[in-house]
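Chemist: One structure, as structure tokens, below. Some questions next.
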Amino acid sequence: MRTVLLASLRVHVRRYLAAAIAVVAGVAFVVAVGVLTSGARSGLMDGFGAPYRDADHVVSGLGAGAAIALAERLGPNASPIGRAMLPMRSGGRLFPDTAVGPVAVAQEMRWQKLVSGSFPAREGEAVVDTWVARSREIAVGDRILVGEGAAAADLRVVGVVESPSTSAQASVYVSWAQLVRWRDEPTLSLNRVAVRGEVGALPAGARVQPPEEFVTEKQAELNNRVDALSAMLLLFAGVALVVSVLVIANTFSILFAQRSRDFALLRCVGATRRQVVGAVLREAAVVGVLASLAGVLAGIGAGYGLLALINALAPAITMGSAAVPVPWLLGGFATGLVVTVVAAWSPARRVVRVSPLAALRPEAAAGGHAAAGPARLVLAVLLLAVGPALLGVAMAQDDTAFLVAGGATVFAGVLLFGPVLVPYLVRAAGGWLGPTGRLATANAVRNPRRTATTTASLLVGVTVTSAALTGMATTRAALDEARDRRHPVDASLTSPRNQVTDGLVDRVRRTPGVEQALPVYGVTALVTGLDGPIPVVAAPDAGLVARDGGAFAQVGPGEIRIDYAAFRKDLGLRPGDQVTVRAGERVIVLRVVGGTGWGRVGVVSSETLATLTGLARRVPSRPGAPTGGIETQALWIRAQAAADPMRLVDALDDLADPAGLQVDNGLQARETEEQQLRVLTWSVLGLIAIAVVIALAGIANTLGLSVLERAREHALLRALGLTRGRLRRMLAAEALLLSAVAALLGTVIGVGFAWAGHETFVTRALAGATLRVPWPSLGAVVVIAALAGLLAAVLPARRAARVTPAAGLTLD
Amino acid sequence: MMRAAQDALAAGARNLTKTYGRGETEVHALRGVDLDLPRGGFTAIMGPSGSGKSTLMHCLAGLDQASDGTVTVAGIDLGSLDDDALTVFRRDHIGFVFQAFNLLPMLTALQNIVLPLELGGRRVDDAARERAHLLAETLGVADRLGHRPAELSGGQQQRIAIARALVTEPDLLFADEPTGNLDSTSSAEVLGHLRRSVSELGQTVVMVTHERDAAAYADDVITLQDGRIA
Ligand SMILES: Nc1ncnc2c1ncn2[C@@H]1O[C@H](COP(=O)(O)OP(=O)(O)OP(=O)(O)O)[C@@H](O)[C@H]1O
Ligand SMILES: [Mg+2]
């Protein structure tokens with residue numbers, strides 16, 4: 001059988017290509033995940049202990065205030081670890097949320113490695129992480145502006161450092177004295193202090209540990225986090241592998257069907273069943289070994305390439321130099337091999353059932369195939385009945401396990417039911433086409449089982465994609481809504497002391513990038529629990545500028561709504577507290593309600609404001625002449641969609657400063673959140689793309705093979721008068737029909753899954769999230785899938801059409 | 001005069017040459033064949049295996065390009081047609097019956113018979129169906145029209161193929177060993193049908209065959225030897 005094996009591999013090598021591509025992609029995915037995991041692990045672990053190297057104790061579980069107190073008590077014997085997230089301006093560019101950390105006071109406790117220059121010795125000096133220096137083009141001697149408003153500091157860069165420990169890493173490091181100036185920043189967190197010598201008394205909740213114990217404990221935690229992440233990535237790899245199995249099984253089915261006469265002939269000349277199956281499986285094994293090897297190499301390449309890319313693009317996420325993860329390589333290789341052989345198993349068994357006599361019946365190979373056996377149909381119906389029931393339970397009980405089980409059951413049912421369903425749909429769709437289309441339809445449905453398997457891989461790919469796209473659109477919409485609630489007003493100009501003049505309102509309105517500016521009326525009042533007087537306003541028209549439609553300004557009677565973020569640490573209030581509000585002679589008691597995103601004013605209802613001012617009439621809602629102590633207290637601004645946040649905020653600052661007003665803005669925070677969402681979106685899309693590529697390779701392969709398989713039919717059709725162009729069109733129509741049907745079906749199922757998933761866990765996590773179906777993206781997926789099918793048929797169809805009928809008819 | 005001569009001829013070949021491959025592997029399948037096929041005649045082409053019978057038929061039928069020489073069918077030089085024109089010409093003027101693999105497996109017998117009409121963009125109307133039924137009845141396969149090829153015997157398949165070849169009333173009907181796979185009874189029936197289509201319907205038939213018995217049904221026998229007419 002050796003000669004048969006070698007000869008058939010040689011002859012069929014091109015036909016195995018797509019199956020091999022599927023294996024390569026699946027294995028490469030697994031191996032790349034392995035490399036990335038190992039990179040992330042070493043990135044997190046390497047130098048993790050560096051900040052605690054010379055310490056005797058590690059104190060953890062402290063708030064920023066307690067950590068500062070401890071550091072001040074111990075002086076040079078303490079090295080606090082943490083960071084504040086502050087906006088940084090450098091070279092005319094703004095970098096919101098830049099991590100700023102401390103450099104230890106004592107030389108020996110400084111864990112950063114100096115690359116050039118020197119450590120900051122005093123306030124006004126900073127060192128920059130080497131990756132950050134490179135990507136943001138900052139050099140020793142440059143000036144950077146860190147922080148905002150009163151807390152802004154103009155710093156001179158005196159050195160560049162390497163940060164060996166990811167957990168303690170920051171982008172910019174300053175002297176301890178400088179960092180303490182931001183002690184009131186809400187983003188400042190100092191949760192660990194490395195201590196030399198005695199620690200002394202600590203506040204409750206703090207923990208003191210020897211450094212070794214602390215490091216071991218934290219590393220275990222990090223390990224778990226990395227493992228969870230790679231488990232999630234492996235889920236995608238799993239999808240990719242399932243698609244691969246379908247593609248490979250499909251390829252082998254077609255190849256073996258084409259060769260069933262060869263096999264029968266072999267049986268005729270004396271090969272036993274076992275010999276034939278053995279030969280077939282060995283063939284699959286050779287393909288599996290070669291493809292898995294290629295996949296391992298491709299995965300290593302992709303993994304290390306991605307590591308380098310991440311290091312270059314996102315210096316904040318340090319990926320260490322990954323050791324070659326040998327278990328992952330072996331695992332990926334074994335998976336590829338096993339998947340290939342398992343996928344070849346069922347087609348091989350079918351081959352063995354061919355009787356030797358089949359070789360003597362020339363038409364046998366092309367004979368009719370049953371759509372599906374009764375057992376298969378019963379099972380399919382059963383799965384299709386049980387699956388939705390499981391999904392129903394999942395939705396009712398918010399149970400993710402049921403969701404997964406139900407989804408898998410429904411999908412298995414659809415795949416089993418495919419030989420009935422897909423030809424039916426193809427026939428329905430093909431009914432719209434002309435005579436060539438009718439031939440194409442007849443071609444497409446003549447072997448229902450093959451039609452179904454051809455479309456299966458694409459079906460899986462499109463289902464996963466559309467479910468993920470829908471899930472993503474829904475989650476994004478919910479997150480966007482939450483963000484709009486957090487930042488209802490893009491920017492606000494306020495001051496408890498100064499009023500907003502009409503002239504300023506006009507100037508703000510003329511500022512480029514401002515879409516709307518709404519003057520807000522109210523009085524200045526003293527609120528218990530707040531240090532100074534604040535404007536108390538009513539804004540029935542907030543909807544004109546607010547991103548949340550003005551909901552934040554709809555305050556109930558007897559309530560006052562306070563912006564927690566804007567007042568930050570000045571605030572000793574909690575939601576639900578009763579506060580007295582005093583404006584001049586009048587005093588009322590209101591209940592505090594929280595919120596964020598409109599600046600340093602308290603918002604009340606128009607009625608409350610009227611009571612507070614003693615006016616009988618309500619607050620004017622339009623700029624008119626507010627009377628009786630009511631003044632324009634604030635200006636709320638909505639930015640144009642295309643506005644550059646930094647430029648706009650600068651322009652507003654320039655207008656507000658001379659008027660003694662303060663600018664608060666949610667634009668930069670919005671931008672940062674937006675960016676994080678984009679990164680998330682693209683990562684998920686990138687992962688899905690791999691499954692889609694395999695699926696496309698799968699349908700391309702099957703279509704190509706089935707064109708090859710029917711060379712004689714095409715020659716006959718050409719002999720009977722089908723022109724080249726029409727033959728090409730017929731094959732194209734067939735491919736288009738199959739891929740479009742698969743894509744549409746996949747989209748429907750995918751959206752269904754997304755809906756079930758949404759009902760099961762999205763509604764739980766994000767209250768008020770409504771399902772968003774991203775029709776344009778889904779449409780694009782269907783079009784891309786259909787085009788891919790079309791494209792897959794183009795080359796084989798050209799080749800098929802080029803053959804002269806005489807040559808085609810003598811083919812075997 | 002010229003015109004009349006052409007009308008009397010269904011097809012002709014002058015210096016027809018076909019060479020496969022190049023250099024070492026060059027095979028001269030046809031070496032300058034001159035041939036005239038009269039209209040309404042039944043011509044058998046005979047010769048030993050590998051003598052070029054199938055090649056000659058393919059060239060005459062426009063299924064393959066000749067390396068040299070001319071082929072004229074129904075007064076038209078096939079060499080002057082591009083591929084699309086040649087295809088349409090085949091569809092409208094030539095019918096085929098092959099030794100095996102005559103029918104498309106996904107179509108029923110009836111669909112196979114009317115396929116050339118459908119490919120020609122003609123509506124398959126009741127008249128066409130009527131004609132197909134009539135042919136099928138004449139050929140004795142009327143009760144099998146709803147079946148697919150895999151469910152038919154070899155002889156039935158060949159008769160369906162003849163019905164398909166005749167349904168367009170072609171100028172020329174080519175048959176390449178149409179009885180090669182059949183037992184003597186079936187092959188006698190198939191040959192009888194071909195003979196009758198010549199005698200009764202006035203068809204022109206060219207048949208490639210190995211068998212003396214089969215050639216006996218023909219009006220005329222051309223023998224090929226090593227790519228030449230012997
Ligand atoms: N595609 C091809 N490439 C190379 N040589 C070919 C090709 N087709 C036919 N031949 C050669 O051309 C010669 C004539 O072949 P042809 O098929 O016409 O013979 P035939 O008379 O029909 O034989 P048979 O009775 O066995 O069918 C043979 O020597 C054959 O090997
Ligand atoms: Mg021959």
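The way I read the labels, and the way they are meant: chains A, B, ... in the order of the structure tokens, residue 1 as the first residue of every chain, and ligand 1 as the first ligand shown, with later ones counted on from there.
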Please return as a VMD selection string the residues found within 10 Å of ligand 1, counting only C-alpha atoms and all ligand atoms.
Modeler: (chain A and resid 806 to 808 810 to 811) or (chain B and resid 18 to 22 25 to 30 45 to 59 99 176 to 177 208 to 210 224 to 227)
Chemist: Tell me which protein, DNA and RNA residues are within 10 Å of Ser118 (chain A), counting only C-alpha atoms, leaving out same-chain ones fewer than 3 positions away, and put them as a list in words.
Modeler: Leu114, Val115, Ala121, Glu125, Ala126, Val127, Val140, Val157, Val158, Gly159, Val160 and Val161 of chain A
Chemist: Please report as JSON, numbers by chain which residues of chain A come no farther than 6 Å from chain B, using only C-alpha atoms.
Modeler: {"A": [367, 446, 720, 721, 723, 805, 806]}
Chemist: Kindly save the residues from that selection, with C-alpha atoms included, as a short mmCIF file (atom, residue, chain, number, x, y, z; two decimals), in the first residue's frame.
Modeler:
```
data_model
loop_
_atom_site.label_atom_id
_atom_site.label_comp_id
_atom_site.auth_asym_id
_atom_site.auth_seq_id
_atom_site.Cartn_x
_atom_site.Cartn_y
_atom_site.Cartn_z
CA GLY A 367 -25.56 8.26 -8.14
CA ARG A 446 -28.14 17.22 -6.08
CA LEU A 720 -24.38 20.12 -25.89
CA GLY A 721 -24.08 23.83 -26.42
CA THR A 723 -20.99 28.52 -23.95
CA PRO A 805 -15.17 19.49 -24.53
CA ALA A 806 -13.21 16.70 -26.19
#
```
Chemist: Please indicate the distance in Å from CA of Thr524 (chain A) to CA of Pro496 (chain A), rounded to one decimal place.
Modeler: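 Rounded to one decimal, the two atoms are 6.2 Å apart.
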Chemist: Return as a PyMOL selection string the full set of residues in region 512-743 of chain A whose backbone-based DSSP assignment is strand (DSSP E).
Modeler: chain A and resi 514-527+533-538+559-563+578-583+586-595+602-603+631-639+662-665
Chemist: Set the distance at 7 Å and use only C-alpha atoms: which residues neighbour Ala99 (chain A) once local chain neighbours fewer than 4 positions away are removed? I'd like the list as a PyMOL selection string.
Modeler: chain A and resi 83-86+170-172
Chemist: If you keep N, CA and C atoms, can you produce a file of those selected residues as a PDB file, in the first residue's frame?
Modeler:
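Below you can see selection21.pdb, which holds the result:
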```
ATOM      1  N   ARG A  83       0.326  54.894  41.749  1.00  0.00           N
ATOM      2  CA  ARG A  83       0.356  55.901  40.691  1.00  0.00           C
ATOM      3  C   ARG A  83      -0.909  56.740  40.733  1.00  0.00           C
ATOM      4  N   ALA A  84      -0.794  57.914  40.108  1.00  0.00           N
ATOM      5  CA  ALA A  84      -1.974  58.728  39.851  1.00  0.00           C
ATOM      6  C   ALA A  84      -2.145  58.797  38.344  1.00  0.00           C
ATOM      7  N   MET A  85      -3.388  58.806  37.893  1.00  0.00           N
ATOM      8  CA  MET A  85      -3.623  58.921  36.465  1.00  0.00           C
ATOM      9  C   MET A  85      -3.927  60.385  36.171  1.00  0.00           C
ATOM     10  N   LEU A  86      -3.032  61.027  35.431  1.00  0.00           N
ATOM     11  CA  LEU A  86      -3.162  62.468  35.212  1.00  0.00           C
ATOM     12  C   LEU A  86      -3.003  62.776  33.725  1.00  0.00           C
ATOM     13  N   ALA A 170       4.846  52.853  35.922  1.00  0.00           N
ATOM     14  CA  ALA A 170       4.145  54.071  35.544  1.00  0.00           C
ATOM     15  C   ALA A 170       4.829  54.603  34.293  1.00  0.00           C
ATOM     16  N   SER A 171       4.244  55.625  33.697  1.00  0.00           N
ATOM     17  CA  SER A 171       4.862  56.208  32.500  1.00  0.00           C
ATOM     18  C   SER A 171       5.858  57.287  32.881  1.00  0.00           C
ATOM     19  N   VAL A 172       5.526  58.014  33.937  1.00  0.00           N
ATOM     20  CA  VAL A 172       6.366  59.114  34.400  1.00  0.00           C
ATOM     21  C   VAL A 172       6.591  58.910  35.902  1.00  0.00           C
TER      22      VAL A 172
END
```
Chemist: Can you list, as a PyMOL selection string, every residue of chain B that DSSP puts in helix (DSSP H, G or I)?
Modeler: chain B and resi 2-8+23-25+53-60+78-80+83-93+109-119+126-139+142-144+149-151+154-167+184-199+212-215
Chemist: Could you check how far CA of Ser605 (chain A) sits from CA of Gly558 (chain A), in Å to one decimal?
Modeler: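 Pair CA of Ser605 (chain A) / CA of Gly558 (chain A) returns 8.2 Å.
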Chemist: Determine the nearest neighbour of Ala380 (chain A) from the options A:Ile630, A:Ala651, A:Val589, A:Val414, counting only C-alpha atoms.
Modeler: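 Closest candidate: A:Val414.
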Chemist: Just give me the gap between CA of Gly430 (chain A) and CA of Leu737 (chain A) in Å, one decimal is fine.
Modeler: 7.0 Å
